[in-house]
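S.K.: For reference, this is run23.cif, and it has mmCIF, N, CA, C and O atoms.
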```
data_input
#
loop_
_atom_site.label_atom_id
_atom_site.label_comp_id
_atom_site.auth_asym_id
_atom_site.auth_seq_id
_atom_site.Cartn_x
_atom_site.Cartn_y
_atom_site.Cartn_z
N MET A 64 -136.36 137.00 156.00
CA MET A 64 -135.44 138.10 155.76
C MET A 64 -136.21 139.41 155.70
O MET A 64 -137.23 139.51 155.05
N THR A 65 -135.66 140.41 156.31
CA THR A 65 -136.29 141.72 156.28
C THR A 65 -135.62 142.57 155.21
O THR A 65 -134.56 142.22 154.68
N LEU A 66 -136.25 143.67 154.90
CA LEU A 66 -135.68 144.57 153.90
C LEU A 66 -134.31 145.10 154.33
O LEU A 66 -133.42 145.28 153.50
N LYS A 67 -134.13 145.32 155.62
CA LYS A 67 -132.84 145.83 156.10
C LYS A 67 -131.74 144.81 155.87
O LYS A 67 -130.64 145.17 155.44
N THR A 68 -132.00 143.55 156.11
CA THR A 68 -130.95 142.53 155.90
C THR A 68 -130.66 142.35 154.42
O THR A 68 -129.51 142.13 154.03
N ILE A 69 -131.71 142.44 153.60
CA ILE A 69 -131.49 142.35 152.15
C ILE A 69 -130.64 143.53 151.69
O ILE A 69 -129.69 143.36 150.92
N TRP A 70 -130.98 144.73 152.16
CA TRP A 70 -130.19 145.92 151.79
C TRP A 70 -128.75 145.78 152.27
O TRP A 70 -127.81 146.08 151.53
N ASP A 71 -128.55 145.33 153.51
CA ASP A 71 -127.21 145.19 154.06
C ASP A 71 -126.36 144.19 153.28
O ASP A 71 -125.16 144.38 153.11
N ARG A 72 -126.97 143.14 152.77
CA ARG A 72 -126.22 142.11 152.04
C ARG A 72 -126.01 142.45 150.57
O ARG A 72 -124.99 142.10 149.99
N TYR A 73 -127.01 143.11 149.94
CA TYR A 73 -126.98 143.28 148.48
C TYR A 73 -127.05 144.73 148.03
O TYR A 73 -127.45 145.00 146.90
N TYR A 74 -126.67 145.69 148.86
CA TYR A 74 -126.84 147.09 148.49
C TYR A 74 -126.05 147.47 147.24
O TYR A 74 -126.50 148.26 146.42
N ILE A 75 -124.89 146.89 147.03
CA ILE A 75 -124.11 147.21 145.83
C ILE A 75 -124.83 146.72 144.58
O ILE A 75 -124.95 147.44 143.59
N ALA A 76 -125.35 145.52 144.60
CA ALA A 76 -126.08 144.97 143.45
C ALA A 76 -127.36 145.77 143.18
O ALA A 76 -127.70 146.03 142.02
N ILE A 77 -128.04 146.16 144.25
CA ILE A 77 -129.28 146.93 144.09
C ILE A 77 -128.99 148.28 143.45
O ILE A 77 -129.68 148.70 142.51
N ILE A 78 -127.96 148.95 143.93
CA ILE A 78 -127.58 150.25 143.36
C ILE A 78 -127.16 150.09 141.90
O ILE A 78 -127.52 150.89 141.04
N PHE A 79 -126.40 149.04 141.59
CA PHE A 79 -125.97 148.77 140.22
C PHE A 79 -127.17 148.55 139.29
O PHE A 79 -127.23 149.11 138.19
N ILE A 80 -128.13 147.75 139.72
CA ILE A 80 -129.32 147.46 138.89
C ILE A 80 -130.14 148.73 138.66
O ILE A 80 -130.57 149.00 137.54
N ILE A 81 -130.34 149.52 139.70
CA ILE A 81 -131.10 150.77 139.56
C ILE A 81 -130.37 151.72 138.60
O ILE A 81 -131.00 152.34 137.73
N THR A 82 -129.06 151.82 138.72
CA THR A 82 -128.27 152.68 137.83
C THR A 82 -128.39 152.21 136.38
O THR A 82 -128.54 153.04 135.47
N CYS A 83 -128.34 150.92 136.16
CA CYS A 83 -128.49 150.38 134.79
C CYS A 83 -129.84 150.73 134.20
O CYS A 83 -129.94 151.10 133.02
N PHE A 84 -130.90 150.60 134.99
CA PHE A 84 -132.24 150.94 134.50
C PHE A 84 -132.34 152.43 134.14
O PHE A 84 -132.89 152.78 133.10
N VAL A 85 -131.81 153.29 134.99
CA VAL A 85 -131.87 154.72 134.73
C VAL A 85 -131.07 155.08 133.48
O VAL A 85 -131.55 155.81 132.60
N LEU A 86 -129.86 154.56 133.36
CA LEU A 86 -129.05 154.84 132.17
C LEU A 86 -129.68 154.27 130.90
O LEU A 86 -129.63 154.89 129.85
N GLY A 87 -130.29 153.10 131.00
CA GLY A 87 -130.98 152.51 129.86
C GLY A 87 -132.15 153.38 129.41
O GLY A 87 -132.38 153.58 128.22
N ALA A 88 -132.92 153.90 130.37
CA ALA A 88 -134.05 154.77 130.04
C ALA A 88 -133.57 156.05 129.36
O ALA A 88 -134.16 156.50 128.38
N VAL A 89 -132.50 156.64 129.88
CA VAL A 89 -131.95 157.86 129.28
C VAL A 89 -131.47 157.58 127.86
O VAL A 89 -131.75 158.35 126.93
N LEU A 90 -130.77 156.48 127.66
CA LEU A 90 -130.29 156.11 126.32
C LEU A 90 -131.45 155.88 125.36
O LEU A 90 -131.40 156.32 124.21
N LEU A 91 -132.50 155.24 125.81
CA LEU A 91 -133.68 155.01 124.98
C LEU A 91 -134.33 156.32 124.55
O LEU A 91 -134.67 156.51 123.39
N ILE A 92 -134.47 157.24 125.48
CA ILE A 92 -135.09 158.54 125.17
C ILE A 92 -134.25 159.31 124.16
O ILE A 92 -134.77 159.88 123.20
N VAL A 93 -132.94 159.33 124.36
CA VAL A 93 -132.05 160.05 123.44
C VAL A 93 -132.09 159.42 122.06
O VAL A 93 -132.16 160.12 121.04
N THR A 94 -132.09 158.10 121.98
CA THR A 94 -132.13 157.41 120.69
C THR A 94 -133.43 157.67 119.95
O THR A 94 -133.42 157.92 118.75
N VAL A 95 -134.55 157.64 120.64
CA VAL A 95 -135.85 157.89 120.01
C VAL A 95 -135.90 159.31 119.48
O VAL A 95 -136.37 159.56 118.36
N ASN A 96 -135.42 160.28 120.24
CA ASN A 96 -135.44 161.68 119.78
C ASN A 96 -134.55 161.88 118.57
O ASN A 96 -134.88 162.65 117.68
N GLN A 97 -133.41 161.21 118.50
CA GLN A 97 -132.53 161.34 117.34
C GLN A 97 -133.15 160.69 116.11
O GLN A 97 -133.03 161.20 115.01
N ALA A 98 -133.83 159.58 116.29
CA ALA A 98 -134.45 158.90 115.16
C ALA A 98 -135.54 159.75 114.54
O ALA A 98 -135.70 159.77 113.33
N GLU A 99 -136.30 160.45 115.35
CA GLU A 99 -137.37 161.29 114.83
C GLU A 99 -136.82 162.45 114.02
O GLU A 99 -137.43 162.88 113.06
N SER A 100 -135.66 162.96 114.38
CA SER A 100 -135.12 164.12 113.69
C SER A 100 -134.41 163.76 112.39
O SER A 100 -133.97 164.63 111.67
N ASP A 101 -134.31 162.46 112.08
CA ASP A 101 -133.64 162.03 110.86
C ASP A 101 -134.53 162.15 109.62
O ASP A 101 -134.07 161.95 108.51
N TYR A 102 -135.80 162.43 109.81
CA TYR A 102 -136.73 162.47 108.68
C TYR A 102 -136.86 163.89 108.13
O TYR A 102 -136.72 164.87 108.84
N ASN A 103 -137.15 163.97 106.85
CA ASN A 103 -137.33 165.25 106.16
C ASN A 103 -138.64 165.91 106.56
O ASN A 103 -139.64 165.23 106.80
N GLU A 104 -138.62 167.22 106.58
CA GLU A 104 -139.84 168.00 106.72
C GLU A 104 -140.02 168.78 105.43
O GLU A 104 -139.06 169.37 104.93
N VAL A 105 -141.21 168.74 104.88
CA VAL A 105 -141.48 169.47 103.65
C VAL A 105 -142.58 170.49 103.91
O VAL A 105 -143.46 170.29 104.73
N SER A 106 -142.50 171.58 103.19
CA SER A 106 -143.52 172.61 103.27
C SER A 106 -144.61 172.29 102.26
O SER A 106 -144.33 172.00 101.10
N VAL A 107 -145.84 172.34 102.71
CA VAL A 107 -146.97 172.00 101.86
C VAL A 107 -147.33 173.22 101.01
O VAL A 107 -147.51 174.33 101.52
N ALA A 108 -147.42 173.02 99.70
CA ALA A 108 -147.84 174.07 98.78
C ALA A 108 -149.34 173.93 98.52
O ALA A 108 -149.93 172.89 98.79
N SER A 109 -149.92 174.95 97.97
CA SER A 109 -151.34 174.91 97.66
C SER A 109 -151.62 173.79 96.66
O SER A 109 -150.93 173.65 95.66
N GLY A 110 -152.60 172.96 96.95
CA GLY A 110 -152.96 171.87 96.06
C GLY A 110 -152.23 170.57 96.34
O GLY A 110 -152.50 169.56 95.70
N ASP A 111 -151.26 170.56 97.27
CA ASP A 111 -150.54 169.33 97.61
C ASP A 111 -151.44 168.37 98.36
O ASP A 111 -152.34 168.78 99.09
N SER A 112 -151.17 167.09 98.17
CA SER A 112 -151.87 166.05 98.92
C SER A 112 -150.84 165.05 99.41
O SER A 112 -149.70 165.03 98.94
N ILE A 113 -151.24 164.22 100.35
CA ILE A 113 -150.31 163.21 100.85
C ILE A 113 -149.99 162.21 99.75
O ILE A 113 -148.85 161.78 99.61
N TRP A 114 -150.97 161.87 98.94
CA TRP A 114 -150.73 160.95 97.83
C TRP A 114 -149.77 161.57 96.82
O TRP A 114 -148.92 160.89 96.25
N GLY A 115 -149.89 162.88 96.61
CA GLY A 115 -148.97 163.57 95.72
C GLY A 115 -147.55 163.55 96.26
O GLY A 115 -146.59 163.38 95.50
N LEU A 116 -147.40 163.71 97.58
CA LEU A 116 -146.08 163.61 98.20
C LEU A 116 -145.53 162.20 98.05
O LEU A 116 -144.33 162.02 97.80
N ALA A 117 -146.39 161.20 98.17
CA ALA A 117 -145.96 159.81 98.01
C ALA A 117 -145.44 159.58 96.59
O ALA A 117 -144.43 158.90 96.39
N ASP A 118 -146.12 160.16 95.60
CA ASP A 118 -145.65 160.05 94.21
C ASP A 118 -144.35 160.82 94.00
O ASP A 118 -143.44 160.34 93.32
N GLU A 119 -144.26 162.01 94.57
CA GLU A 119 -143.09 162.86 94.38
C GLU A 119 -141.82 162.22 94.96
O GLU A 119 -140.74 162.33 94.39
N TYR A 120 -141.96 161.56 96.11
CA TYR A 120 -140.81 160.96 96.77
C TYR A 120 -140.71 159.45 96.54
O TYR A 120 -139.99 158.76 97.25
N ALA A 121 -141.41 158.94 95.53
CA ALA A 121 -141.37 157.51 95.22
C ALA A 121 -139.93 157.07 94.99
O ALA A 121 -139.15 157.76 94.34
N GLY A 122 -139.56 155.93 95.53
CA GLY A 122 -138.21 155.41 95.38
C GLY A 122 -137.27 155.88 96.48
O GLY A 122 -136.17 155.36 96.61
N LYS A 123 -137.68 156.86 97.27
CA LYS A 123 -136.83 157.36 98.34
C LYS A 123 -137.25 156.82 99.70
O LYS A 123 -136.68 157.18 100.72
N TYR A 124 -138.28 155.98 99.73
CA TYR A 124 -138.73 155.35 100.97
C TYR A 124 -139.01 153.88 100.68
O TYR A 124 -139.24 153.50 99.54
N LYS A 125 -138.95 153.06 101.72
CA LYS A 125 -139.08 151.62 101.55
C LYS A 125 -140.40 151.12 102.12
O LYS A 125 -140.42 150.36 103.07
N MET A 126 -141.49 151.59 101.56
CA MET A 126 -142.82 151.15 101.96
C MET A 126 -143.77 151.40 100.80
O MET A 126 -143.43 152.10 99.85
N SER A 127 -144.94 150.82 100.88
CA SER A 127 -145.93 151.06 99.83
C SER A 127 -146.49 152.47 99.98
O SER A 127 -146.31 153.11 101.00
N LYS A 128 -147.18 152.93 98.92
CA LYS A 128 -147.77 154.27 98.99
C LYS A 128 -148.83 154.35 100.09
O LYS A 128 -148.95 155.36 100.77
N GLN A 129 -149.59 153.26 100.28
CA GLN A 129 -150.60 153.24 101.33
C GLN A 129 -149.93 153.37 102.71
O GLN A 129 -150.42 154.10 103.58
N GLU A 130 -148.81 152.66 102.91
CA GLU A 130 -148.09 152.75 104.17
C GLU A 130 -147.49 154.15 104.36
O GLU A 130 -147.48 154.69 105.47
N PHE A 131 -147.00 154.75 103.28
CA PHE A 131 -146.47 156.11 103.32
C PHE A 131 -147.54 157.07 103.80
O PHE A 131 -147.32 157.87 104.72
N VAL A 132 -148.72 157.00 103.19
CA VAL A 132 -149.83 157.90 103.54
C VAL A 132 -150.25 157.68 105.00
O VAL A 132 -150.42 158.64 105.76
N ALA A 133 -150.36 156.42 105.41
CA ALA A 133 -150.75 156.13 106.80
C ALA A 133 -149.71 156.65 107.78
O ALA A 133 -150.05 157.22 108.83
N TRP A 134 -148.41 156.51 107.45
CA TRP A 134 -147.34 156.99 108.32
C TRP A 134 -147.39 158.50 108.46
O TRP A 134 -147.30 159.03 109.56
N VAL A 135 -147.54 159.20 107.34
CA VAL A 135 -147.59 160.67 107.36
C VAL A 135 -148.79 161.15 108.17
O VAL A 135 -148.67 162.06 108.98
N GLU A 136 -149.95 160.54 107.97
CA GLU A 136 -151.14 160.93 108.72
C GLU A 136 -150.95 160.71 110.22
O GLU A 136 -151.31 161.57 111.03
N LYS A 137 -150.37 159.58 110.59
CA LYS A 137 -150.17 159.27 112.00
C LYS A 137 -149.14 160.20 112.65
O LYS A 137 -149.38 160.76 113.71
N GLU A 138 -147.99 160.35 112.02
CA GLU A 138 -146.90 161.14 112.61
C GLU A 138 -147.21 162.63 112.68
O GLU A 138 -146.68 163.34 113.53
N ASN A 139 -148.05 163.12 111.78
CA ASN A 139 -148.36 164.55 111.74
C ASN A 139 -149.76 164.87 112.26
O ASN A 139 -150.21 166.01 112.15
N GLN A 140 -150.44 163.87 112.81
CA GLN A 140 -151.80 164.02 113.34
C GLN A 140 -152.72 164.68 112.31
O GLN A 140 -153.43 165.65 112.61
N ILE A 141 -152.71 164.14 111.11
CA ILE A 141 -153.54 164.68 110.02
C ILE A 141 -154.84 163.89 109.99
O ILE A 141 -154.83 162.66 109.96
N ILE A 142 -155.94 164.60 109.98
CA ILE A 142 -157.26 163.97 109.94
C ILE A 142 -157.79 164.03 108.52
O ILE A 142 -157.78 165.08 107.88
N ASP A 143 -158.25 162.91 107.99
CA ASP A 143 -158.86 162.81 106.66
C ASP A 143 -157.92 163.22 105.53
O ASP A 143 -158.37 163.61 104.46
N GLY A 144 -156.62 163.20 105.76
CA GLY A 144 -155.65 163.49 104.70
C GLY A 144 -155.65 164.93 104.22
O GLY A 144 -155.14 165.22 103.14
N LYS A 145 -156.20 165.85 104.99
CA LYS A 145 -156.28 167.25 104.55
C LYS A 145 -155.01 168.00 104.97
O LYS A 145 -154.66 168.05 106.14
N LEU A 146 -154.36 168.61 103.97
CA LEU A 146 -153.16 169.40 104.21
C LEU A 146 -153.49 170.88 104.01
O LEU A 146 -154.31 171.23 103.16
N THR A 147 -152.81 171.72 104.77
CA THR A 147 -152.99 173.16 104.65
C THR A 147 -151.73 173.77 104.06
O THR A 147 -150.62 173.42 104.46
N ALA A 148 -151.88 174.66 103.09
CA ALA A 148 -150.73 175.31 102.46
C ALA A 148 -149.90 176.04 103.51
O ALA A 148 -150.44 176.69 104.39
N GLY A 149 -148.58 175.87 103.43
CA GLY A 149 -147.66 176.50 104.37
C GLY A 149 -147.32 175.63 105.57
O GLY A 149 -146.40 175.93 106.32
N GLU A 150 -148.06 174.57 105.75
CA GLU A 150 -147.85 173.65 106.87
C GLU A 150 -146.57 172.83 106.63
O GLU A 150 -146.24 172.50 105.50
N MET A 151 -145.83 172.53 107.69
CA MET A 151 -144.66 171.66 107.60
C MET A 151 -145.09 170.24 107.94
O MET A 151 -145.73 170.01 108.97
N VAL A 152 -144.75 169.29 107.07
CA VAL A 152 -145.14 167.90 107.25
C VAL A 152 -143.89 167.04 107.26
O VAL A 152 -143.03 167.17 106.39
N THR A 153 -143.79 166.15 108.25
CA THR A 153 -142.69 165.20 108.31
C THR A 153 -143.03 164.00 107.44
O THR A 153 -144.14 163.47 107.52
N ILE A 154 -142.07 163.59 106.59
CA ILE A 154 -142.28 162.45 105.71
C ILE A 154 -141.21 161.40 106.00
O ILE A 154 -140.12 161.74 106.46
N PRO A 155 -141.50 160.12 105.74
CA PRO A 155 -140.55 159.05 106.06
C PRO A 155 -139.44 158.89 105.03
O PRO A 155 -139.18 157.82 104.52
N VAL A 156 -138.79 159.99 104.73
CA VAL A 156 -137.64 160.00 103.83
C VAL A 156 -136.47 160.54 104.64
O VAL A 156 -136.59 161.61 105.24
N LYS A 157 -135.39 159.78 104.68
CA LYS A 157 -134.24 160.18 105.48
C LYS A 157 -133.69 161.51 105.01
O LYS A 157 -133.61 161.77 103.82
N ARG A 158 -133.35 162.35 105.96
CA ARG A 158 -132.79 163.67 105.69
C ARG A 158 -131.39 163.49 105.13
O ARG A 158 -130.61 162.68 105.59
N MET A 159 -131.08 164.27 104.12
CA MET A 159 -129.75 164.24 103.53
C MET A 159 -128.79 165.00 104.44
O MET A 159 -129.20 165.91 105.16
N ASN A 160 -127.53 164.66 104.38
CA ASN A 160 -126.52 165.33 105.18
C ASN A 160 -126.39 166.77 104.73
O ASN A 160 -126.08 167.05 103.58
N SER A 161 -126.61 167.72 105.65
CA SER A 161 -126.58 169.13 105.28
C SER A 161 -125.16 169.68 105.17
O SER A 161 -124.96 170.81 104.76
N ASP A 162 -124.16 168.86 105.54
CA ASP A 162 -122.77 169.30 105.45
C ASP A 162 -122.24 169.25 104.02
O ASP A 162 -121.21 169.83 103.72
N ILE A 163 -122.93 168.56 103.14
CA ILE A 163 -122.48 168.42 101.76
C ILE A 163 -122.78 169.71 101.00
O ILE A 163 -123.88 170.24 101.06
N ASP A 164 -121.80 170.20 100.27
CA ASP A 164 -121.97 171.42 99.49
C ASP A 164 -122.70 171.07 98.20
O ASP A 164 -122.18 170.40 97.32
N SER A 165 -123.96 171.50 98.08
CA SER A 165 -124.77 171.16 96.92
C SER A 165 -124.40 171.97 95.68
O SER A 165 -124.92 171.70 94.61
N SER A 166 -123.55 172.97 95.81
CA SER A 166 -123.17 173.77 94.65
C SER A 166 -122.08 173.09 93.82
O SER A 166 -121.81 173.51 92.70
N ILE A 167 -121.48 172.04 94.36
CA ILE A 167 -120.43 171.33 93.62
C ILE A 167 -121.10 170.35 92.67
O ILE A 167 -121.97 169.58 93.05
N GLN A 168 -120.68 170.37 91.41
CA GLN A 168 -121.24 169.46 90.43
C GLN A 168 -120.15 168.49 90.00
O GLN A 168 -119.04 168.90 89.65
N LEU A 169 -120.49 167.22 90.00
CA LEU A 169 -119.53 166.21 89.58
C LEU A 169 -119.43 166.19 88.06
O LEU A 169 -120.35 166.58 87.34
N ALA A 170 -118.31 165.71 87.55
CA ALA A 170 -118.07 165.73 86.11
C ALA A 170 -119.05 164.88 85.32
O ALA A 170 -119.35 165.19 84.18
N ASP A 171 -119.54 163.81 85.92
CA ASP A 171 -120.43 162.92 85.17
C ASP A 171 -121.89 163.35 85.21
O ASP A 171 -122.74 162.71 84.62
N LYS A 172 -122.20 164.43 85.87
CA LYS A 172 -123.61 164.86 85.96
C LYS A 172 -123.87 166.06 85.09
O LYS A 172 -123.18 166.95 84.92
#
```
Show me this structure written as structure tokens.
M.R.:
Amino acid sequence: MTLKTIWDRYYIAIIFIITCFVLGAVLLIVTVNQAESDYNEVSVASGDSIWGLADEYAGKYKMSKQEFVAWVEKENQIIDGKLTAGEMVTIPVKRMNSDIDSSIQLADK
């Protein structure tokens, strides 16, 4: 069989498979970009450390402190755990919904 006969017999299936791959790749890229934007970014103050951030946000992430520190260093390309004041650092804590009005106080609080 030559390529021309294969194309003549199966062109619809070939086009369908190629379309599925392209749409799958686009969906994967969009999903990965949305997942990255779900995490909080914090501004580093003078004297802050990654371990200090791990303590400050304890209970808001589902990993050990060592995993937290390793994740922050990897995602922010931090070498030797050194933070610079004023720098924005992404942490593995899910971003809260910004549509919620934080000025409203519930009766039980």
S.K.: Apply DSSP to the backbone of this structure and, from region 75-171 of chain A, keep only the residues in strand (DSSP E); write these as an MDAnalysis selection string.
M.R.: chainID A and resid 102:106 151:157
S.K.: Filtering to N, CA, C and O atoms, could you give me those residues as a PDB file, keeping the file's coordinate frame?
M.R.:
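Saved file out-v5.pdb follows:
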```pdb
ATOM      1  N   TYR A 102    -135.800 162.430 109.810  1.00  0.00           N
ATOM      2  CA  TYR A 102    -136.730 162.470 108.680  1.00  0.00           C
ATOM      3  C   TYR A 102    -136.860 163.890 108.130  1.00  0.00           C
ATOM      4  O   TYR A 102    -136.720 164.870 108.840  1.00  0.00           O
ATOM      5  N   ASN A 103    -137.150 163.970 106.850  1.00  0.00           N
ATOM      6  CA  ASN A 103    -137.330 165.250 106.160  1.00  0.00           C
ATOM      7  C   ASN A 103    -138.640 165.910 106.560  1.00  0.00           C
ATOM      8  O   ASN A 103    -139.640 165.230 106.800  1.00  0.00           O
ATOM      9  N   GLU A 104    -138.620 167.220 106.580  1.00  0.00           N
ATOM     10  CA  GLU A 104    -139.840 168.000 106.720  1.00  0.00           C
ATOM     11  C   GLU A 104    -140.020 168.780 105.430  1.00  0.00           C
ATOM     12  O   GLU A 104    -139.060 169.370 104.930  1.00  0.00           O
ATOM     13  N   VAL A 105    -141.210 168.740 104.880  1.00  0.00           N
ATOM     14  CA  VAL A 105    -141.480 169.470 103.650  1.00  0.00           C
ATOM     15  C   VAL A 105    -142.580 170.490 103.910  1.00  0.00           C
ATOM     16  O   VAL A 105    -143.460 170.290 104.730  1.00  0.00           O
ATOM     17  N   SER A 106    -142.500 171.580 103.190  1.00  0.00           N
ATOM     18  CA  SER A 106    -143.520 172.610 103.270  1.00  0.00           C
ATOM     19  C   SER A 106    -144.610 172.290 102.260  1.00  0.00           C
ATOM     20  O   SER A 106    -144.330 172.000 101.100  1.00  0.00           O
ATOM     21  N   MET A 151    -145.830 172.530 107.690  1.00  0.00           N
ATOM     22  CA  MET A 151    -144.660 171.660 107.600  1.00  0.00           C
ATOM     23  C   MET A 151    -145.090 170.240 107.940  1.00  0.00           C
ATOM     24  O   MET A 151    -145.730 170.010 108.970  1.00  0.00           O
ATOM     25  N   VAL A 152    -144.750 169.290 107.070  1.00  0.00           N
ATOM     26  CA  VAL A 152    -145.140 167.900 107.250  1.00  0.00           C
ATOM     27  C   VAL A 152    -143.890 167.040 107.260  1.00  0.00           C
ATOM     28  O   VAL A 152    -143.030 167.170 106.390  1.00  0.00           O
ATOM     29  N   THR A 153    -143.790 166.150 108.250  1.00  0.00           N
ATOM     30  CA  THR A 153    -142.690 165.200 108.310  1.00  0.00           C
ATOM     31  C   THR A 153    -143.030 164.000 107.440  1.00  0.00           C
ATOM     32  O   THR A 153    -144.140 163.470 107.520  1.00  0.00           O
ATOM     33  N   ILE A 154    -142.070 163.590 106.590  1.00  0.00           N
ATOM     34  CA  ILE A 154    -142.280 162.450 105.710  1.00  0.00           C
ATOM     35  C   ILE A 154    -141.210 161.400 106.000  1.00  0.00           C
ATOM     36  O   ILE A 154    -140.120 161.740 106.460  1.00  0.00           O
ATOM     37  N   PRO A 155    -141.500 160.120 105.740  1.00  0.00           N
ATOM     38  CA  PRO A 155    -140.550 159.050 106.060  1.00  0.00           C
ATOM     39  C   PRO A 155    -139.440 158.890 105.030  1.00  0.00           C
ATOM     40  O   PRO A 155    -139.180 157.820 104.520  1.00  0.00           O
ATOM     41  N   VAL A 156    -138.790 159.990 104.730  1.00  0.00           N
ATOM     42  CA  VAL A 156    -137.640 160.000 103.830  1.00  0.00           C
ATOM     43  C   VAL A 156    -136.470 160.540 104.640  1.00  0.00           C
ATOM     44  O   VAL A 156    -136.590 161.610 105.240  1.00  0.00           O
ATOM     45  N   LYS A 157    -135.390 159.780 104.680  1.00  0.00           N
ATOM     46  CA  LYS A 157    -134.240 160.180 105.480  1.00  0.00           C
ATOM     47  C   LYS A 157    -133.690 161.510 105.010  1.00  0.00           C
ATOM     48  O   LYS A 157    -133.610 161.770 103.820  1.00  0.00           O
TER      49      LYS A 157
END
```
S.K.: Please compute the atom C of Lys123 (chain A)-atom C of Glu104 (chain A) distance, one decimal, in Å.
M.R.: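 Separating atom C of Lys123 (chain A) from atom C of Glu104 (chain A) is a distance of 13.5 Å.
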S.K.: So how far away is atom N of Arg158 (chain A) from atom N of Ile92 (chain A), in Å?
M.R.: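 Answer for the atom N of Ile92 (chain A) to atom N of Arg158 (chain A) separation: 20.2 Å.
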S.K.: So that I can check the secondary structure, give me every residue of region 110-171 of chain A assigned alpha helix (DSSP H) by backbone DSSP, as a list in words.
M.R.: Ile113, Trp114, Gly115, Leu116, Ala117, Asp118, Glu119, Lys128, Gln129, Glu130, Phe131, Val132, Ala133, Trp134, Val135, Glu136, Lys137 and Glu138 of chain A
S.K.: Evaluated on this file, the PyMOL selection byres ((chain A and resi 149-155) around 4.5) picks out some residues - which ones are they, written as a PyMOL selection string?
M.R.: chain A and resi 102-107+124+135+147-148+156-157
S.K.: In terms of the shortest atom-to-atom distance over only C-alpha atoms, which of A:Thr94, A:Gly144, A:Ser127, A:Glu136 is closest to Ser112 (chain A)?
M.R.: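 Result for the nearest residue to Ser112 (chain A): A:Gly144.
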S.K.: To one decimal place, how far is atom N of Val132 (chain A) from CA of Ala117 (chain A) in Å?
M.R.: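 About the pair atom N of Val132 (chain A) and CA of Ala117 (chain A): they are 6.5 Å apart.
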S.K.: I'd like to know which of A:Leu116, A:Leu91, A:Ile142, A:Ile75 is closest to Lys128 (chain A), using only C-alpha atoms.
M.R.: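 Among A:Leu116, A:Leu91, A:Ile142, A:Ile75, it is A:Leu116 that comes nearest to Lys128 (chain A).
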S.K.: When distances are computed from all atoms listed in the file, which of A:Lys125, A:Phe84, A:Val93, A:Leu146 shows the smallest separation from Gly110 (chain A)?
M.R.: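 Smallest distance to Gly110 (chain A) is found for A:Leu146.
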